[in-house]
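Trainee: Following this line is coords.cif, made up of mmCIF, C-alpha atoms:
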data_protein
#
loop_
_atom_site.label_atom_id
_atom_site.label_comp_id
_atom_site.auth_asym_id
_atom_site.auth_seq_id
_atom_site.Cartn_x
_atom_site.Cartn_y
_atom_site.Cartn_z
CA ASN E 6 0.00 0.00 0.00
CA MET E 7 2.71 2.41 -0.98
CA LYS E 8 1.37 5.97 -0.92
CA LEU E 9 4.19 7.94 -2.54
CA SER E 10 7.19 7.38 -4.79
CA ILE E 11 9.68 10.24 -4.96
CA ILE E 12 11.78 10.24 -8.12
CA ILE E 13 15.09 12.13 -8.09
CA VAL E 14 17.36 12.19 -11.13
CA HIS E 15 20.99 12.70 -10.13
CA TYR E 16 23.92 13.87 -12.21
CA LYS E 17 27.17 14.92 -10.52
CA THR E 18 25.53 16.92 -7.72
CA TYR E 19 26.61 15.06 -4.58
CA GLU E 20 26.09 17.81 -1.96
CA LEU E 21 22.84 19.05 -3.46
CA THR E 22 21.39 15.56 -3.81
CA VAL E 23 22.30 14.67 -0.22
CA GLN E 24 20.57 17.87 0.93
CA THR E 25 17.46 16.94 -1.11
CA ILE E 26 17.29 13.40 0.31
CA GLU E 27 17.81 14.69 3.85
CA SER E 28 14.99 17.21 3.43
CA VAL E 29 12.70 14.32 2.43
CA LEU E 30 13.77 12.19 5.40
CA SER E 31 13.22 15.04 7.84
CA ASN E 32 9.76 15.80 6.40
CA GLU E 33 8.08 13.41 8.82
CA PHE E 34 5.73 11.92 6.25
CA GLU E 35 3.66 9.36 8.16
CA GLN E 36 2.64 7.16 5.24
CA GLU E 37 4.58 4.53 3.35
CA TYR E 38 6.90 5.99 0.71
CA GLU E 39 10.04 5.29 -1.27
CA ILE E 40 12.76 7.45 -2.79
CA ILE E 41 14.03 6.30 -6.18
CA LEU E 42 17.33 7.89 -7.12
CA VAL E 43 18.22 7.56 -10.78
CA ASP E 44 21.88 8.25 -11.54
CA ASN E 45 22.56 9.41 -15.09
CA CYS E 46 26.05 7.92 -15.28
CA SER E 47 27.79 10.54 -13.10
CA LYS E 48 31.21 8.82 -13.18
CA ASP E 49 32.56 11.25 -10.56
CA GLY E 50 32.22 8.93 -7.57
CA SER E 51 29.16 10.82 -6.28
CA ILE E 52 26.71 7.93 -6.57
CA GLU E 53 29.10 5.62 -4.72
CA GLN E 54 29.39 8.25 -1.96
CA ILE E 55 25.60 8.49 -1.75
CA GLU E 56 25.38 4.70 -1.57
CA GLU E 57 27.78 4.70 1.37
CA LYS E 58 26.17 7.65 3.16
CA PHE E 59 22.64 6.26 2.97
CA SER E 60 23.46 2.54 3.23
CA GLU E 61 21.06 2.13 6.14
CA ILE E 62 17.96 3.40 4.31
CA ILE E 63 19.05 1.54 1.16
CA SER E 64 19.02 -1.70 3.13
CA LYS E 65 15.50 -0.85 4.33
CA LYS E 66 14.46 -0.27 0.68
CA LEU E 67 13.43 3.27 1.55
CA LEU E 68 16.02 4.48 -0.96
CA ILE E 69 16.37 2.61 -4.24
CA LEU E 70 19.29 3.37 -6.55
CA ILE E 71 19.13 2.95 -10.30
CA LYS E 72 22.38 3.45 -12.21
CA ASN E 73 22.14 4.26 -15.89
CA SER E 74 25.11 3.31 -18.05
CA ARG E 75 24.91 6.67 -19.87
CA ASN E 76 23.38 10.09 -19.36
CA LEU E 77 19.83 9.68 -20.63
CA GLY E 78 18.61 13.15 -19.64
CA PHE E 79 15.88 14.26 -17.25
CA ALA E 80 12.75 12.93 -19.00
CA LYS E 81 14.13 9.45 -19.66
CA GLY E 82 15.75 9.29 -16.23
CA ASN E 83 12.44 10.10 -14.56
CA ASN E 84 10.56 7.58 -16.69
CA ILE E 85 12.95 4.81 -15.65
CA GLY E 86 12.25 5.73 -12.02
CA ILE E 87 8.49 5.96 -12.56
CA LYS E 88 8.37 2.49 -14.17
CA LYS E 89 10.22 1.07 -11.17
CA SER E 90 8.01 2.87 -8.63
CA LYS E 91 5.11 1.43 -6.63
CA GLY E 92 3.44 4.51 -5.12
CA LYS E 93 -0.15 5.63 -5.67
CA TYR E 94 1.29 9.13 -6.21
CA ILE E 95 4.51 10.06 -7.92
CA LEU E 96 6.55 13.11 -7.00
CA LEU E 97 9.16 14.35 -9.43
CA LEU E 98 11.75 16.15 -7.32
CA ASN E 99 14.88 17.92 -8.55
CA SER E 100 18.21 16.99 -7.02
CA ASP E 101 18.81 20.68 -6.20
CA THR E 102 15.70 21.25 -4.09
CA GLN E 103 14.94 21.29 -0.38
CA LEU E 104 11.47 20.49 0.91
CA LEU E 105 10.32 22.75 3.71
CA PRO E 106 8.60 21.08 6.69
CA SER E 107 5.27 19.31 6.01
CA ALA E 108 5.55 19.75 2.21
CA LEU E 109 4.86 16.05 1.56
CA THR E 110 1.89 15.75 3.93
CA GLN E 111 0.33 19.02 2.72
CA SER E 112 0.61 18.14 -0.95
CA ILE E 113 -0.71 14.58 -0.56
CA ASP E 114 -3.62 15.81 1.61
CA LYS E 115 -4.51 18.39 -1.03
CA ILE E 116 -4.34 16.10 -4.07
CA GLU E 117 -6.36 13.42 -2.21
CA SER E 118 -9.05 15.95 -1.33
CA ASP E 119 -9.95 16.74 -4.95
CA ASP E 120 -10.03 14.21 -7.77
CA LYS E 121 -10.08 16.96 -10.40
CA ILE E 122 -6.41 17.69 -9.65
CA GLY E 123 -4.19 15.92 -12.17
CA ILE E 124 -0.94 17.62 -11.20
CA LEU E 125 0.04 19.63 -8.13
CA GLY E 126 2.98 21.98 -7.75
CA GLY E 127 4.10 24.08 -4.81
CA LYS E 128 5.64 27.49 -4.25
CA VAL E 129 9.25 27.24 -5.34
CA ILE E 130 11.57 29.77 -3.73
CA LEU E 131 15.12 30.66 -4.71
CA PRO E 132 17.79 30.78 -1.97
CA ASN E 133 17.48 34.61 -1.92
CA GLY E 134 13.81 34.30 -0.95
CA GLN E 135 12.42 35.31 -4.33
CA LEU E 136 9.88 33.23 -6.22
CA ASP E 137 11.17 30.94 -8.95
CA HIS E 138 8.65 32.09 -11.54
CA ALA E 139 8.76 28.81 -13.44
CA CYS E 140 6.68 27.21 -10.65
CA LYS E 141 3.49 28.59 -12.27
CA ARG E 142 3.43 29.23 -15.98
CA GLY E 143 1.27 29.60 -19.02
CA PHE E 144 1.80 27.38 -22.03
CA PRO E 145 4.35 28.80 -24.49
CA THR E 146 1.88 29.56 -27.26
CA PRO E 147 3.51 31.53 -30.07
CA LEU E 148 1.95 34.77 -28.79
CA ALA E 149 2.71 34.14 -25.12
CA SER E 150 6.32 33.34 -26.06
CA LEU E 151 6.60 36.44 -28.23
CA TYR E 152 5.39 38.70 -25.40
CA TYR E 153 7.82 36.95 -23.04
CA PHE E 154 10.82 37.38 -25.33
CA LEU E 155 9.87 41.01 -26.08
CA GLY E 156 9.92 41.67 -22.33
CA LEU E 157 6.27 42.77 -22.27
CA GLY E 158 5.57 40.44 -19.36
CA LYS E 159 8.13 42.32 -17.25
CA LEU E 160 6.59 45.66 -18.27
CA PHE E 161 3.04 44.51 -17.53
CA PRO E 162 3.35 41.82 -14.84
CA LYS E 163 -0.34 42.05 -13.93
CA SER E 164 -1.55 41.72 -17.51
CA LYS E 165 -3.18 38.38 -18.25
CA ILE E 166 -2.24 38.79 -21.91
CA PHE E 167 1.35 40.01 -21.81
CA SER E 168 2.49 37.98 -18.82
CA LYS E 169 0.71 34.80 -19.85
CA TYR E 170 3.89 32.70 -20.00
CA THR E 171 5.22 33.64 -16.54
CA ALA E 172 1.68 33.91 -15.08
CA SER E 173 2.87 36.78 -12.87
CA PHE E 174 -0.72 38.06 -12.75
CA ILE E 175 -1.46 35.20 -10.34
CA ASP E 176 -0.44 36.16 -6.82
CA GLU E 177 2.38 33.92 -5.62
CA ASP E 178 0.54 33.11 -2.39
CA GLU E 179 -2.81 32.42 -4.01
CA GLU E 180 -3.88 28.86 -4.73
CA SER E 181 -4.96 28.65 -8.37
CA ASN E 182 -5.35 26.52 -11.46
CA VAL E 183 -2.53 27.20 -13.91
CA ASP E 184 -1.36 25.91 -17.27
CA ALA E 185 1.85 24.41 -15.92
CA VAL E 186 4.02 23.91 -12.86
CA MET E 187 7.70 22.97 -12.86
CA GLY E 188 9.27 19.53 -12.82
CA ALA E 189 11.45 20.48 -9.83
CA PHE E 190 8.44 19.56 -7.66
CA LEU E 191 5.58 17.92 -9.52
CA LEU E 192 3.08 15.58 -7.86
CA ILE E 193 0.89 13.40 -10.06
CA PRO E 194 -1.35 10.36 -9.43
CA ARG E 195 0.11 7.16 -10.81
CA THR E 196 -3.02 6.38 -12.87
CA ILE E 197 -2.79 9.73 -14.66
CA VAL E 198 0.93 9.64 -15.44
CA PHE E 199 0.51 6.21 -17.05
CA ARG E 200 -2.61 7.35 -18.90
CA VAL E 201 -0.75 10.14 -20.67
CA GLY E 202 2.23 7.90 -21.35
CA LEU E 203 4.86 9.27 -18.92
CA LEU E 204 7.25 12.12 -19.80
CA HIS E 205 7.95 12.67 -23.47
CA GLU E 206 11.49 11.40 -24.04
CA GLY E 207 12.29 13.71 -26.93
CA TYR E 208 13.12 16.33 -24.29
CA PHE E 209 16.56 16.13 -22.71
CA MET E 210 16.44 18.67 -19.88
CA TYR E 211 13.72 21.26 -20.46
CA GLY E 212 10.10 21.33 -21.57
CA GLU E 213 9.03 17.87 -20.45
CA ASP E 214 7.25 19.30 -17.41
CA ILE E 215 5.22 21.82 -19.45
CA ASP E 216 4.37 19.08 -21.94
CA LEU E 217 3.23 16.71 -19.18
CA CYS E 218 0.94 19.45 -17.81
CA TYR E 219 -0.41 20.03 -21.31
CA GLN E 220 -1.28 16.33 -21.78
CA VAL E 221 -2.92 16.13 -18.34
CA LYS E 222 -5.08 19.18 -19.02
CA LYS E 223 -5.97 17.77 -22.43
CA ILE E 224 -7.66 14.77 -20.78
CA GLY E 225 -9.67 17.09 -18.54
CA TYR E 226 -7.75 17.42 -15.27
CA GLU E 227 -6.61 20.56 -13.45
CA VAL E 228 -3.03 21.63 -12.83
CA LYS E 229 -2.95 23.15 -9.36
CA TYR E 230 -0.51 25.74 -8.02
CA TYR E 231 -0.60 25.20 -4.25
CA PRO E 232 1.67 27.73 -2.50
CA ILE E 233 1.10 26.42 1.04
CA VAL E 234 3.62 23.76 0.00
CA LYS E 235 7.09 25.34 -0.15
CA ILE E 236 10.33 24.19 -1.72
CA ILE E 237 13.71 25.88 -2.00
CA HIS E 238 15.36 25.55 -5.41
CA HIS E 239 19.15 25.84 -5.44
CA LYS E 240 19.01 26.28 -9.19
CA GLY E 241 20.66 24.06 -11.66
CA GLY E 242 23.40 22.00 -10.13
CA SER E 243 23.67 20.03 -13.36
CA SER E 244 22.98 22.80 -15.86
CA LYS E 245 24.98 25.83 -14.78
CA ALA E 246 28.63 26.46 -14.21
CA LEU E 247 30.05 29.04 -11.84
CA LYS E 248 32.53 31.36 -13.47
CA ASN E 249 34.29 34.04 -11.37
CA GLY E 250 31.48 33.74 -8.85
CA LYS E 251 28.87 34.47 -11.53
CA ILE E 252 26.51 31.83 -12.83
CA LYS E 253 27.33 31.18 -16.45
CA LYS E 254 24.66 29.43 -18.49
CA ASN E 255 26.08 26.42 -20.20
CA PRO E 256 25.65 26.76 -24.02
CA ILE E 257 24.26 23.21 -24.14
CA THR E 258 21.64 24.33 -21.61
CA VAL E 259 20.60 27.27 -23.78
CA PHE E 260 20.46 25.02 -26.86
CA GLU E 261 18.33 22.43 -25.02
CA PHE E 262 15.91 25.14 -23.85
CA HIS E 263 15.29 26.29 -27.44
CA ARG E 264 15.14 22.71 -28.72
CA ALA E 265 12.51 21.96 -26.07
CA MET E 266 10.34 24.84 -27.31
CA GLN E 267 10.59 23.42 -30.84
CA ILE E 268 9.56 19.92 -29.74
CA PHE E 269 6.65 21.32 -27.74
CA TYR E 270 5.49 23.31 -30.75
CA ASP E 271 5.80 20.34 -33.11
CA ARG E 272 3.94 18.03 -30.74
CA ASN E 273 1.14 20.29 -29.58
CA TYR E 274 0.77 23.41 -31.67
CA LYS E 275 1.79 22.63 -35.24
CA ASN E 276 -1.78 22.14 -36.47
CA LYS E 277 -3.24 24.75 -34.16
CA TYR E 278 -0.85 27.61 -34.92
CA PRO E 279 0.85 26.91 -38.26
#
Could you show the structure in this file as structure tokens?

Mentor:
Amino acid sequence: NMKLSIIIVHYKTYELTVQTIESVLSNEFEQEYEIILVDNCSKDGSIEQIEEKFSEIISKKLLILIKNSRNLGFAKGNNIGIKKSKGKYILLLNSDTQLLPSALTQSIDKIESDDKIGILGGKVILPNGQLDHACKRGFPTPLASLYYFLGLGKLFPKSKIFSKYTASFIDEDEESNVDAVMGAFLLIPRTIVFRVGLLHEGYFMYGEDIDLCYQVKKIGYEVKYYPIVKIIHHKGGSSKALKNGKIKKNPITVFEFHRAMQIFYDRNYKNKYP
């Protein structure tokens, strides 16, 4: 009667991943759960260190390690974990997040209270206390994306039209139905994730969360932004490099972001918005 499976994809982020796992363990979730850690072929000794550090909970099968023989990316990595999981609910959790107290109980209570909810996301906060705006978004329709790239959303943050992609017109502390939440913390019932066919594996590290939300809404469920649940996001252990103390976006990261937009368009919008 496993209630929850938490899927974490790990790639060369030892300290961050340990912090994420510890925040789960200290969350005092009363029901039966498992953590499935999928390593995308880190090859830096980090997964062996994790194995040693958490040997006790591994032996209790509370933590299950899956080691991929190559880096399969975020979508594929998560899918491997999901297929191995047993929980009634599945939580996708980034390896660079920290759950604040009661996050697991609050989110499970909420999703169980309303069968219209197909996906639930929480309030994701950056280490400086600011909101990570990706935790509630509009779909990147051609117009929404255009307004976003033109900076009109920043100029008119309360406009439902111009700030559709970042959804900044929705108060960050107000529970609401949104187009999409982020894959850093995404709770979904097992039945629904299998109904829509898991995460689309054409995506390598961006876009698969928006696409999953799109598919879930397409079959008639709500995507819920639930800010009572709070998570800290120590952005991008695997995707950003520090250079002279400044975060430098990896060119591969930028490329993958744009490629993700293309895949999303081809899959969902090609016939709608030629």

Trainee: Counting only C-alpha atoms, find residues at most 7 Å from (2.5, 8.5, -3.7) (file frame) and give them as a ChimeraX atom specification.

Mentor: /E:7-10,38,92-96

Trainee: Could you give me, as a Markdown table, every segment 155-221 of chain E residue with an atom at most 10 Å from segment 103-116 of chain E, plus its closest atom pair and distance in Å to one decimal, counting all atoms listed in the file, rows ordered by chain then number?

Mentor:
| residue | atom | partner | partner_atom | distance |
| --- | --- | --- | --- | --- |
| E:Phe190 | CA | E:Leu104 | CA | 9.1 |
| E:Leu191 | CA | E:Ser112 | CA | 9.9 |
| E:Leu192 | CA | E:Ser112 | CA | 7.8 |
| E:Ile193 | CA | E:Ile116 | CA | 8.4 |
| E:Pro194 | CA | E:Ile116 | CA | 8.4 |

Trainee: Could you list, as a list of chain:residue names, every residue within 12 Å of Lys81 of chain E, counting all atoms listed in the file and ignoring same-chain residues fewer than 6 positions away?

Mentor: E:Ile12, E:Ile13, E:Val14, E:Val43, E:Asp44, E:Asn45, E:Asn73, E:Arg75, E:Ile87, E:Lys88, E:Leu203, E:Leu204, E:His205, E:Glu206, E:Gly207, E:Tyr208, E:Phe209, E:Met210, E:Tyr211, E:Glu213

Trainee: Report, in Å to a single decimal, how far apart atom CA of Ile233 of chain E and atom CA of Ile122 of chain E are.

Mentor: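 Spanning atom CA of Ile122 of chain E to atom CA of Ile233 of chain E is a straight-line distance of 15.7 Å.
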
Trainee: Between atom CA of Ala149 of chain E and atom CA of Ser100 of chain E, what is the distance in Å, rounded to a tenth?

Mentor: 29.4 Å

Trainee: Using all atoms listed in the file, find the one residue out of E:Gly50, E:Ile41, E:Leu155, E:Leu98 that sits nearest to Ile63 of chain E.

Mentor: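 Result for the nearest residue to Ile63 of chain E: E:Ile41.
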
Trainee: Evaluate the PyMOL selection byres ((chain E and resi 130) around 9) and record the selected residues as a PDB file with C-alpha atoms, in the frame of the given file, following the chain and residue labels used in the document.

Mentor:
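part37.pdb written:
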ATOM      1  CA  LYS E 128       5.640  27.490  -4.250  1.00  0.00           C
ATOM      2  CA  VAL E 129       9.250  27.240  -5.340  1.00  0.00           C
ATOM      3  CA  LEU E 131      15.120  30.660  -4.710  1.00  0.00           C
ATOM      4  CA  PRO E 132      17.790  30.780  -1.970  1.00  0.00           C
ATOM      5  CA  ASN E 133      17.480  34.610  -1.920  1.00  0.00           C
ATOM      6  CA  GLY E 134      13.810  34.300  -0.950  1.00  0.00           C
ATOM      7  CA  GLN E 135      12.420  35.310  -4.330  1.00  0.00           C
ATOM      8  CA  LEU E 136       9.880  33.230  -6.220  1.00  0.00           C
ATOM      9  CA  ASP E 137      11.170  30.940  -8.950  1.00  0.00           C
ATOM     10  CA  HIS E 138       8.650  32.090 -11.540  1.00  0.00           C
ATOM     11  CA  CYS E 140       6.680  27.210 -10.650  1.00  0.00           C
ATOM     12  CA  LYS E 235       7.090  25.340  -0.150  1.00  0.00           C
ATOM     13  CA  ILE E 236      10.330  24.190  -1.720  1.00  0.00           C
ATOM     14  CA  ILE E 237      13.710  25.880  -2.000  1.00  0.00           C
ATOM     15  CA  HIS E 238      15.360  25.550  -5.410  1.00  0.00           C
ATOM     16  CA  HIS E 239      19.150  25.840  -5.440  1.00  0.00           C
TER      17      HIS E 239
END

Trainee: Restricted to C-alpha atoms, what does segment 123-139 of chain E look like when written out as a PDB file, in the first residue's frame?

Mentor:
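The resulting file, selection_15.pdb, is shown below:
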ATOM      1  CA  GLY E 123      -4.193  15.916 -12.174  1.00  0.00           C
ATOM      2  CA  ILE E 124      -0.943  17.624 -11.199  1.00  0.00           C
ATOM      3  CA  LEU E 125       0.036  19.626  -8.133  1.00  0.00           C
ATOM      4  CA  GLY E 126       2.983  21.985  -7.754  1.00  0.00           C
ATOM      5  CA  GLY E 127       4.101  24.078  -4.806  1.00  0.00           C
ATOM      6  CA  LYS E 128       5.644  27.492  -4.247  1.00  0.00           C
ATOM      7  CA  VAL E 129       9.251  27.238  -5.336  1.00  0.00           C
ATOM      8  CA  ILE E 130      11.569  29.768  -3.731  1.00  0.00           C
ATOM      9  CA  LEU E 131      15.122  30.665  -4.714  1.00  0.00           C
ATOM     10  CA  PRO E 132      17.790  30.777  -1.975  1.00  0.00           C
ATOM     11  CA  ASN E 133      17.480  34.605  -1.917  1.00  0.00           C
ATOM     12  CA  GLY E 134      13.815  34.298  -0.951  1.00  0.00           C
ATOM     13  CA  GLN E 135      12.417  35.306  -4.334  1.00  0.00           C
ATOM     14  CA  LEU E 136       9.882  33.232  -6.221  1.00  0.00           C
ATOM     15  CA  ASP E 137      11.167  30.940  -8.950  1.00  0.00           C
ATOM     16  CA  HIS E 138       8.647  32.091 -11.542  1.00  0.00           C
ATOM     17  CA  ALA E 139       8.755  28.812 -13.438  1.00  0.00           C
TER      18      ALA E 139
END
